[in-house]
Every structure is written in C-alpha cells, then in structure tokens.
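Engineer: One structure follows; several queries about it will come next.
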Amino acid sequence: MKSQKKMNPILWLLGKRPTYQRRHIRANNHHYNIQWNYFGNSITTSRYNIITFLPKNLFEQFQRVANIYFTVLLILQLIPQISSLTPITTILPLLFVLGTTLIKDGVDDLFRHVSDYKINNRLVKVLQVTQETLEDGTLGPATGTFVQKKWKHVIVGDIIKLKRDDFIPADLFIISSSEPNSLCYIETAELDGETNLKVKSALIETAEMEDDEASLSKFDGEFTTEPPNNVLSRFQGSFKWKREGEDQLQHYSFNDDNVLLRGCRVRNTRWLNGLVVFAGHDTKVHKNSGKIRYKRTRLDKATNYYVFAICIILLITVSLVTIGNGVWEWLYGQYFDKSGYLPYDQDVINLNVVHTAFTSFLNFFSNLIILNTFIPISLYVSIEFIRLGQSYLISFDHKLYYKKLNTRARARTTTLSEELGNIEYVFSDKTGTLTENIMTLVKCSIGGKLYGFMASDLDDDYKGCGEELGIELPPPPSRIKKVDLSWNEYEDPSKPFFDKNLLTALHNKDKQALDLFTALAVCHTILPENDEETDKLRYNAQSPDEEALVIAARNLGVVFAERSSNSLSIKVYNADTQEYEVEKMEVLAILDFDNVRKRMSVIVRLATGEIRLYCKGADNVIFERSSQKSQELKDTISRQLKFFAKDGLRTLVVAQKDLSQTEFDEWSEAHTQANLSLEERDEKLSEVYEQIERDMVLLGATAIEDKLQDGVPETIASLAEANIKLWVLTGDKQETAINIGFSAHILTNDMRNIFIIEGTCFEDVERELKTAQAELKSAIKKNRFGFVISGSSLKFALDKPLSELFLRVTSLCQAVICCRVTPLQKSTIVTLVKNAKDVTTLAIGDGANDVGMIQAAHIGVGISGREGQQAVLASDFSFAQFRFLERLLLVHGRWSYLRMAKFLRYFFYKNFAFTWCHVWYGFFNGFSANAVFEPYYIALYNLLFTSTPVVLMGILDQDVTDQYLLKYPRLYIAGQKGILFNKYSFFFSLLKGAIISLVLFFICFGSFYYNIYQGTGWETDTAFYFFLAITFPLTAIVNIQIGFDMEYWTFLAFIVNIGSILVWFPYVLIITSFPLYTAAPYWLSGFPFVFSAELVLGNTTFWLNSCLAIAVCILPMMMFRFLYRDIKPSLADDVQKEMTKDRVSKTPLIFIREKIAKQKTFPRDALRFAGYAFSHEKGFGDLITTNRFKQSVYKKKSVRENPPPN
C-alpha cells in the first residue's frame, strides 16, 4: 500500500484535498479509505460559511473604490486638527452601507444554504458493517445491515441501496440489481434534460451477491479507479477480489456501463446496490459545475471607474483649493491675527513660509473631508435597494408565471438585474430548453401517398408548397381534428394523430400501410414491460424518436407487446372482429444502429415461415441501398422529404427485403465469423451488414415532430431583431441539432450557406474554417450564414492556434450550433466568447450538464422544468419556459438598465450640485475649509432630502410600456451599446451639476451681498442665514429635476417627490428650535441659531430669491431637452410619440405575436439539412441478442366497449 499523504489542516479547512494519479478504495473498510482524505458527500453551492462570511463579504465590498475612500476619510475625521465635521456623519452612513449589503448578501446565501441542506439531508440506505471480537482476540465474520443515513454522511467505500425513483446520491459502481442479469434503468433528466431511459448493468461476478446483506458485508474488493474528472461519458476502473470458494485474488475491470452518476434517477428497477467511488465535489456532475464566482455587472465595473475619476477630480480640486488657502494665508492671514478675529496658536511666533506651508498641508485634509460628498456614500446602498426592488418585480411578474407547472420566475440574485439589459450573446442548451423532448409521429408517406396534418397545413401557402415541390398533397380539412382512438385499449393519448384516412387504410388491411407499421413495430431495440402501478404497457427506449414510432404504431392498432432474446410478438387490430390478432416472430438477427451506419435492421422469421429484413434509417443511406424497382417511389419520397423538412420534422425512410433460407444461411455464417473475430471486429461486421442491406424495397417514410416549447421561434426572432446572437450548445448529434435549428428558425432557408465543420484533425478543421472565412469575406452584407460544428472538431477550434479564427468566422454568422458538446466545452465556449469579444453573455439550460456554462456566463438562467433542479440551483434567474426569456430581456432587462442609467446620471449630478457650493464658498472665506451647509444637512442630504425619489425612479420608472417594448425589440440595442450611460453622459452630469451649483450660489450670494434680508430688526447676513437661503432652492431644484427625468408617474412618485421638498421645512424648524438648543448633548454640534428659520421664512425676499434660482436653473434644462428631442429624437422618443398618439385617440394596442410563418422557399440541397430520427446512442441490440434482459409479456384482458369508427 502507498504511504499515507499527510494533510495540512489549513488546506483541509479550505476544502482542499491532495491529488492522486489513481483512486484507491476498499469496500466496507472505512479505516483504509479515510487515510486518503477523499471528499465527503456533502455539497456546497453557497459562497460563504459562518467563518468566512464576514471577512469574505467585507473583502468583496471593499473592492468598491467608494468604500475604501470613505474608510480613509473616516480615519481622517478622527483627527481633530484637520476635521471641521464630526466623525459621526461618516461613521453612521458607512456602517449603514456595509451593514445593509452584508445583510442582503447573507440572506441571498442563506437560500443557497437551505437548498444545500435539503439535498445533503436526503435519506439513503447505507450498509453498516460490524465485526465482533471473538474470545481468542480475533475479529469475527463481518455482519451488516442497511440503515438510513443522510446523503452528507455517505463516504467513499460505502455500499448503498437504492429503490425505484430514488435519486443517485454519489457516483456508484453497480454491485447488483433486482433485474435479470443485474440490469438497471436510469433517467438522466437531472444531468442532461433527457427523459429517455439509459441502461446500465453490474458485472456477473458481483451480481451473484444479489441483495444478500451477509454477502455484501463480506465484500472486500480493492478498487483502483481513474481520478475524479469531468468526462461524463467515460469511466475506467478495476478491482481485486477473492470470491468465496476461490484460492487467490482475481482481477476485474469495469467501465461507464457499470457506473451510475450522481444526479441520475433509478427507473423501472425495484432495487440496486452500489459502491460509492466518487462523492460530493469529486462526482462527475460537480466537476462539470465550475467554480462559483462573484458576478459583477458592467455598470458596476463602470461605476468603479467613474468613482475613481471623481477621486481624481476631487484631488485636483482640493489641491487647487489648498494652493488658494496658502496664498490667502500668506497675503491676508496676518491681518486676521492682529485683529484677534482668527488668532494663530501661541506657538506660532512669526508668520513665515514654513507656517504657511504647514497650515496649507492641514487645510488639504480639511478640504478633503468637506468635499467628500463628491463621492456619495449612499450611492452603493441605493443601488442595492434598487436592485432588490427590480428583482422582486421580476419574481412577481404574473406574465412570467407558467400555470401548467405552477412555476413562477425567480430572481435568485439581487445584483445583476441591469445586466439583463446589456446581453449580446445567448448560449442555449437544446433538449429541455428549446424543446420539450416529446417526440410524436405527425406525418408519414406510404407507397408515395401522404398522411397526417399539422396546424401549419391550414396556411394559405400549403397548396403552393406542393406545386413547388411537384408532389400531390392531400386536401387539408377545414380544421385539424385528432383521430378518435377510444376503441384502442393500448392508446397513448399524449401522442395523437391527425388524419383518419390512415386509420381507415389500416382497418381496410391496406398491405402497404400494414407493412410499414409492422416494420415500425418490429424494427427497433425497445424493451417492453408491464407497469405495475398503472397496469399499462410501457416501453424502455434508448431514443425518444424510436419510442415515438412504436407508440404511433400501437395507437393505430399494431402493438409491440412482447420480446425475448430470440423472438417478439405484435398484436394487430382486426377491425372486422374487433379483436387483436397475435403474430409471433423469430428474431434471427439485429443489425444495430450507430452514427456511422445511420440505420438499423432486424431480420425475423414470420409466422408463415418467410424470412424478412426490416430496415429504417437516414434517407440518403436507405436510398443508396434500395432496389431499382423502387426508383420511381424513391423520387417521390425524396420530394416529400423536402416537404417534411420545411416543417422541421425528423425523418426516417423504411424499407424491407424478403430473404430465401439459403441466402440467409450464407449471410448468417459470415456474420458469425465476423462476430467471433478478435481483430477489426467492427469493420468486418459493417462489411457483413452491407452484404444483406441492399436491394431493399422502399415502404415509405416517417416524419416525427420534436415538439418545441411554446413560443420558441417567435422568441428567437425577437432576440435576433434585438441584435442578440443565439448559439445552441447541445450534446445531440449533428443531424438532430440542424433539424431543431430549422424548426426553431435559428437556421433558415434564406441563408446563403450553412457551414458544417466536421474535421477530425487540426489540419482539417483549420482548412474548413479558412474556407468558410473566405466565403464570408466575399459575401455581401445582406447575405446570411449559419455555422454548425461538431464536438470532435470543436476541441481543435477552441485551442489557441485556431480560437481566433473560430471567433472571426462565427462572428460573421447569424446562427451558430455546436453539436456533441461536453459540459466542459460549453463552459469553455462561453468563457472564450466573453473574454475575447468583451461582450455580455447569457447562458440558459435545464440540466446539470449546463451548470458550467451557466456559471461562466455573465447571466445564468435555469429552466425549472418537470425534472431536475441542478441548473436552477446554479442560476441567477429561473423560469419554466424558454419563451419567457424574451420578456426577461426585452422588458425587465431594458427597464432595469434604463432605471439604473438614469439613477447614476442623476445621483452624480445632484452630488456635484451640492458639493461645488463649498468650493464657491471658499472664495469668500480664504478657502479655510468652512462648510456652507450645516453639518446635519450634509449628513441628511443623500439620506432624507434626495434619496427616496431617485430610488423610486430606479425601481419603477419606465419610458415605454412592456407591450411596445415587445413590439419594437430594437429598443433593446441602446443597452448593448451603452447609450444611456457612458463616459460622455457621466461627465455631462458632472458638468451640469457644477453649473447648477455656480448659478445657484451666486444668485443667493447676490441677495446677501447687499444685505437684502434686513428689515426685521435682526442682523441677517450671517452664514447660517445664507445656509437657509441656499439649501431650500437646492433641495427644490434637484427634486424638480428628477420629476422631469421620471417618465412613469404614479401617486406614490408624486407624494415622494413633493414630500422630499416639503420635509426641508420641519427640518429647519427643528434645528432652530429652542427645545433642541437646550436639550442637545455636548458631543453633538451646537444648535445656536434659535428662531432663525422663522425670521427667514417670513421674509418675502427669501421666496423671491428661491423662485428666481429655481427658474434660472430648471427652465434652460427643460428647453434643451425638448429641443433635443424634437431635432434628434431617438427610437424611444418616436415610440413614446406613438404611445401618446394611441392614448389620445384611444386606440388600443393590439399586439398578439403571430406564429412565425412556415418557410416557403427550399435550400438548394434541402435533404442535406434534413435530420433523421434515431437514437443518440447505440440501442439495446447487444442486450437483446445476448439474453441479458428480462423477458416481458404484457397481459391484459381485451376491452372492446367502444367499437372503432367507420
């Protein structure tokens, strides 16, 4: 045994583990396994724990320049020699900002902890093994029993027991199961969104232990496996074990067929036992999740730069003011000393250069404190309140509610809402995200005759399509009505068919129709079973396409009912007797599907003794192998397949061939020899398959609809109009992905070319990319292109030598589809585009294989579907349907960006208008760092007088209603280009604030210059009276300004806006009241100006001065705005005019998005892009032919209460 690697306790606390080239495990031996310090099974998706929360959160908060700035400022205020303001004016706001953010982040992370707690505390049965010490001191035999444990207490080396419908808590090596040959069926919806079943199995040697606790307790196999990694489709391992009755250890190997991954679910298996090999964060699903990172928005990062720019402006201003103070001290300071008005300290004997420099040095920090409101401390806490409000608006939007699943949209983070308005690239999964993964046979061609209708067939161009393609289309009914199958006891109502003519043909025993549907009921590798709970026939299929065809045959009266290793039975409905007639067939051979062959065949002996081959596959493959006498039918079916491709249907061509006994015997001998070959076995088998799969007679073609989620094509069209590029990253094969691309209108027939990159080496991929680049460069701007690349090619394209070329090519294409992509490649693609192109990205998916890209993107969206929550748990936003992405981005995203942009512009403006008054005041006090405003007005300016209206605007304001935003998606482009808030608007806001403060200050100063407030018998030219005279118009101006900026007025907005102005009056009355003067403690600033407010407010000049200042400051801005909108209106201005016109004329906006029209034109090589419907993986052929599955017979009495329709 290798020596134990010692673990640093600090690294252990930080969640670090030593790495090994191989993983070593002993079953049922905790002492051995613990020494390797493997991860436990507890998972953590939260960002903090009780120890790291405070330091980590504060560290993140102090990445904001403003927080660092105010901390330094607070330290300076604690020095009395340089501070003219009490430190409490900075301490309280700073603590409030840090504390509010701390609480908000804590609550957000608490929800993650709750989610982790629910998962970690799920229960599972774990084998608890004990060994008693015998009288002679030796250990007795191991005994064990299964006990309930929480998931988090499961460790590597444990044996656990799972039952039907249980989630798999860790990566397991399968020991045994309840099914014959220890097969087990799993559903990977949590992992990849697919609901079709996958089959796994135990090794024959361990399967012998079955469910015997004694045997399982004695199991002491020593395992060696690959280290934890993120490759979902591969697993390599071996173990040594001395079975009972054997003399020496035996070595056994196993692979991914014998391993269950965390996140999957047990289906159709009563029980199974497994050994934990990877737990917690070592599991493959979590290795694909990526590291949880702190996401910050584009505006958040820009605000940091702008705050830094304000810091520079502040330092320049303070430096100039300090120089001015030094000059004043040198020229005039001595006169103030001699008069005794401002005497120097006793230790200052003579006024000299050193003293002047030292005084100016102290004055620098004093002015820094006075002018600190250049950077408002309440900026970030106001942003957090706004984001919180915006997230609640998203979570409670009833138009994002999906009634069928009772699922609301949820903003899982409160820090990214305005980023939704900047998205330029959307990366989407396919299965479960764009599609519902529900396959249904909707059309077919039998002997050249078409059957089946879709809703699109009612369109006006239906007949024109037939004429263009040169095919005869059946006349569509006045309305689409599904076939009544109530007579069929085997009916699956979820898979309807919409053409009674097909049912009539089958009931009339039309030979061609019966042959085709017999082929569909026979040519597959589905395993049937009787569902014990519902007592209904259920199919276990590797592919939902294959299942859809068999269910379609069953619905129409040709039922696949039973299978063994060498036979199968179908039941064919006889309309005359209203009974099912059983037909048994001997299965002679199964020529299984793979991605190279693109077809599968079954050779059966019929009850009549005839030997027949049924084959189905991709059109080009079957056509090449059809007989010459099928040539005319082949031409007809080819044109019909183009018609199917127009609707984005997945097609298969079906054929058959009758074999003589001699022909089959010769082929069977060759097949046996190839099957026994130890070298190039697969190649030899392919050659043998080719010999028999030729000269076949065409029967027809099938067309399956891979049902898109509602509104997917319309949503994609809107996103495209909003200049958002969509990339589809899917694990599906190329044909399937292209097919869905056409269905969802990601790919369209008006594209000049669709580049398909499928090279298998670096040179091939480079050549194909350069060829595409050359064609793109020579194309005109109006040409549109699509781009499709396979996973094998992608691994070369993502490498540094080709990544730049890959990005240049894809940037010029309107649609990009990446096929056979691993979860890690999804994350890598998102990261590459995000970093190389400096764009804002969004990733959307529904499975655990999408978690990596969801976390890598700026915004992650999880689809909370019927199965699986891994993507939702890792996401920033979640909802139930892809179509909700349109409203999330075009409505909530644009509103959030607009509100935040207006908030930032206004916030910087009002603070510069406030702070520059100190600078102008310095010209009249020797730049001595005396404040023009009373200290508590400084503290309350951003908290009481101006904060509420701007926060309310940031939460509720909207320039265009949601209906018009959906009608005009191009309104979204303003956020992508940063038009509403950028460096120009930022500096314009600062300049506007400085000009307002200049005009306001000198209008008020002019009133005092001639002492025009006299006449009451009191001397009113004091600084405090000037403070009263300037603060009221300042408060009114900034609040009236936001009133003009706000475009969505409500009663609440009106109250808040007026209230923020009127609150100034009780404030000044309180601070000048006699009770406060007598009751204020010594450590507060004094309130000596008793009754001053009454004197000033009773003076007419005060009101005239205020009105003049407000008018001079507000009217020019109003005139500029109206003039600018009239001369150079934006798209939003034009839409607002349309809204106003519709409102005045009381014209209702009727905006019901119509379904995207079906494509009337056909690509030059339509069949090249026609997807074929087949399993994504190899089928169950090996299981069937080797008898490693449970024979299933469906037994249910015939029910004939409802006769078939005539």
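If you're wondering about the labels, chains in the structure tokens are A, B, ... by order shown, residues count from 1 in each chain, ligands from 1 in order shown.
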Got a sec to tell me which of range 547-721 of chain A DSSP assigns to strand (DSSP E), as a PyMOL selection string?
Structural biologist: chain A and resi 558-563+567-574+579-591+599-605+611-617+650-659+697-708
Engineer: Tell me which protein, DNA and RNA residues are within 12 Å of Met900 in chain A, counting only C-alpha atoms, leaving out same-chain ones fewer than 5 positions away, and put them as a PyMOL selection string.
Structural biologist: chain A and resi 297-300+303+379-380+382-387+389-390+415-421+892-895+905-907+950-958+975+978+980-981
Engineer: Mind listing the alpha helix (DSSP H) residues of range 582-639 of chain A, per DSSP on the backbone, as a list in words?
Structural biologist: Asp619, Asn620, Val621, Ile622, Phe623, Glu624, Gln631, Glu632, Leu633, Lys634, Asp635, Thr636, Ile637, Ser638 and Arg639 of chain A
Engineer: Could the residues in this selection be written to a file with C-alpha atoms, as a short mmCIF file (atom, residue, chain, number, x, y, z; two decimals), in the first residue's frame?
Structural biologist:
```cif
data_model
loop_
_atom_site.label_atom_id
_atom_site.label_comp_id
_atom_site.auth_asym_id
_atom_site.auth_seq_id
_atom_site.Cartn_x
_atom_site.Cartn_y
_atom_site.Cartn_z
CA ASP A 619 -32.86 8.87 -46.35
CA ASN A 620 -29.56 9.01 -48.23
CA VAL A 621 -28.38 5.76 -46.64
CA ILE A 622 -31.57 3.83 -47.43
CA PHE A 623 -31.91 5.27 -50.94
CA GLU A 624 -28.40 4.07 -51.82
CA GLN A 631 -36.64 4.19 -58.22
CA GLU A 632 -39.91 5.94 -59.01
CA LEU A 633 -41.03 5.72 -55.38
CA LYS A 634 -37.60 6.99 -54.28
CA ASP A 635 -38.01 10.13 -56.39
CA THR A 636 -41.46 10.73 -54.92
CA ILE A 637 -40.32 10.19 -51.33
CA SER A 638 -37.33 12.50 -51.92
CA ARG A 639 -39.66 15.35 -52.80
#
```
Engineer: Just the residues within 10 Å of Phe1054 in chain A, please, counting only C-alpha atoms, with nothing from its chain fewer than 5 positions along; format it as a PyMOL selection string.
Structural biologist: chain A and resi 949+1043+1049+1059
Engineer: Can you spit out the residues from that selection as a CSV table (one decimal), in the first residue's frame, using N, CA, C and O atoms?
Structural biologist:
```csv
chain,number,residue,atom,x,y,z
A,949,PRO,N,-36.8,59.9,-3.9
A,949,PRO,CA,-37.3,60.0,-5.3
A,949,PRO,C,-36.4,59.2,-6.3
A,949,PRO,O,-36.9,58.6,-7.2
A,1043,GLY,N,-38.1,65.0,-11.1
A,1043,GLY,CA,-39.5,65.0,-11.6
A,1043,GLY,C,-39.6,65.0,-13.1
A,1043,GLY,O,-40.5,64.3,-13.7
A,1049,TRP,N,-45.2,58.4,-14.0
A,1049,TRP,CA,-45.7,59.0,-12.8
A,1049,TRP,C,-46.8,58.2,-12.2
A,1049,TRP,O,-47.7,57.8,-12.8
A,1059,GLY,N,-42.9,65.4,-1.1
A,1059,GLY,CA,-42.5,65.2,0.3
A,1059,GLY,C,-41.0,65.5,0.5
A,1059,GLY,O,-40.7,66.0,1.6
```
Engineer: Rank nothing, just name the residue among A:Asp510, A:Leu197, A:Thr283, A:Ala674 nearest to Ser543 in chain A, using only C-alpha atoms.
Structural biologist: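 Selected residue with least distance to Ser543 in chain A: A:Leu197.
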Engineer: Which neighbours of range 102-118 of chain A fall inside 9 Å, counting only C-alpha atoms, when residues of the same chain fewer than 3 positions from it are skipped, and could you give them as a PyMOL selection string?
Structural biologist: chain A and resi 42-49+53-54+57-58+61+97-99+121-122+384+388+412-414+873
Engineer: Keeping N, CA and C atoms for every residue in the selection just given, could you write it to a file as a compact mmCIF listing (two decimals), in the first residue's frame?
Structural biologist:
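Output contents, as saved in result.txt:
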```
# COMPACT_ATOMS: atom_id res chain seq x y z
N SER A 42 -21.14 15.67 1.19
CA SER A 42 -21.83 16.94 1.38
C SER A 42 -21.41 17.90 0.26
N ILE A 43 -22.39 18.59 -0.31
CA ILE A 43 -22.09 19.55 -1.38
C ILE A 43 -22.43 20.96 -0.90
N THR A 44 -21.72 21.93 -1.47
CA THR A 44 -21.91 23.32 -1.09
C THR A 44 -21.98 24.18 -2.34
N THR A 45 -23.12 24.85 -2.52
CA THR A 45 -23.23 25.80 -3.63
C THR A 45 -23.22 27.23 -3.13
N SER A 46 -23.16 27.40 -1.80
CA SER A 46 -23.16 28.74 -1.22
C SER A 46 -21.77 29.36 -1.33
N ARG A 47 -21.70 30.66 -1.19
CA ARG A 47 -20.44 31.38 -1.31
C ARG A 47 -19.73 31.54 0.03
N TYR A 48 -20.48 31.50 1.12
CA TYR A 48 -19.89 31.75 2.43
C TYR A 48 -20.25 30.64 3.41
N ASN A 49 -19.46 30.57 4.49
CA ASN A 49 -19.87 29.80 5.65
C ASN A 49 -19.76 30.70 6.87
N PHE A 53 -17.90 34.25 6.18
CA PHE A 53 -18.89 35.22 5.74
C PHE A 53 -18.44 36.66 5.93
N LEU A 54 -18.08 37.01 7.16
CA LEU A 54 -17.74 38.40 7.46
C LEU A 54 -16.49 38.85 6.71
N ASN A 57 -17.09 38.69 2.72
CA ASN A 57 -18.05 39.67 2.23
C ASN A 57 -17.48 41.08 2.30
N LEU A 58 -16.78 41.39 3.41
CA LEU A 58 -16.17 42.71 3.53
C LEU A 58 -15.08 42.90 2.48
N GLN A 61 -16.82 43.76 -0.62
CA GLN A 61 -17.36 45.12 -0.58
C GLN A 61 -16.27 46.16 -0.74
N VAL A 97 -24.24 51.41 5.05
CA VAL A 97 -23.97 50.85 3.72
C VAL A 97 -23.41 49.44 3.83
N LEU A 98 -22.37 49.27 4.66
CA LEU A 98 -21.75 47.95 4.81
C LEU A 98 -22.72 46.95 5.41
N GLY A 99 -23.46 47.40 6.42
CA GLY A 99 -24.40 46.51 7.09
C GLY A 99 -25.54 46.06 6.20
N ASN A 121 -29.43 16.43 3.21
CA ASN A 121 -30.14 15.68 4.24
C ASN A 121 -31.19 14.73 3.68
N ARG A 122 -31.13 14.49 2.38
CA ARG A 122 -31.94 13.40 1.83
C ARG A 122 -31.46 12.09 2.45
N GLU A 384 -28.17 48.94 -4.22
CA GLU A 384 -28.64 47.66 -3.70
C GLU A 384 -30.15 47.66 -3.49
N LEU A 388 -32.73 45.26 -5.48
CA LEU A 388 -33.67 44.42 -4.72
C LEU A 388 -35.09 44.62 -5.22
N ARG A 412 -32.83 34.80 -8.49
CA ARG A 412 -32.08 34.13 -7.43
C ARG A 412 -30.92 34.97 -6.93
N THR A 413 -30.66 36.07 -7.60
CA THR A 413 -29.65 37.02 -7.14
C THR A 413 -30.23 38.42 -7.27
N THR A 414 -29.77 39.33 -6.45
CA THR A 414 -30.30 40.70 -6.50
C THR A 414 -29.24 41.69 -6.97
N LEU A 873 -30.46 25.67 -9.46
CA LEU A 873 -29.70 25.97 -8.25
C LEU A 873 -28.44 26.78 -8.56
```
Engineer: Residues within 10 Å of Leu1131 in chain A, please, as a list in words. Count only C-alpha atoms; anything in the same chain fewer than 2 positions from it doesn't count.
Structural biologist: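 Close residues of Leu1131 in chain A: Tyr968, Arg970, Leu971, Ala974, Lys1128, Pro1129, Asp1133, Asp1134, Val1135, Gln1136 and Lys1137 of chain A.
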Engineer: List the spatial neighbours of Leu1000 in chain A as an NGL selection string - criterion: any atom at most 12 Å away, only C-alpha atoms, same-chain residues fewer than 3 positions off excluded.
Structural biologist: :A and (913-914 or 916-917 or 920-921 or 993-997 or 1003-1007 or 1026 or 1029-1038 or 1105-1114)
Engineer: What's around range 144-150 of chain A at 9 Å? Count only C-alpha atoms, leave out sequence neighbours fewer than 5 positions away in its own chain, and write the answer as a VMD selection string.
Structural biologist: chain A and resid 120 to 131 159 to 161 213 to 214 216 to 218
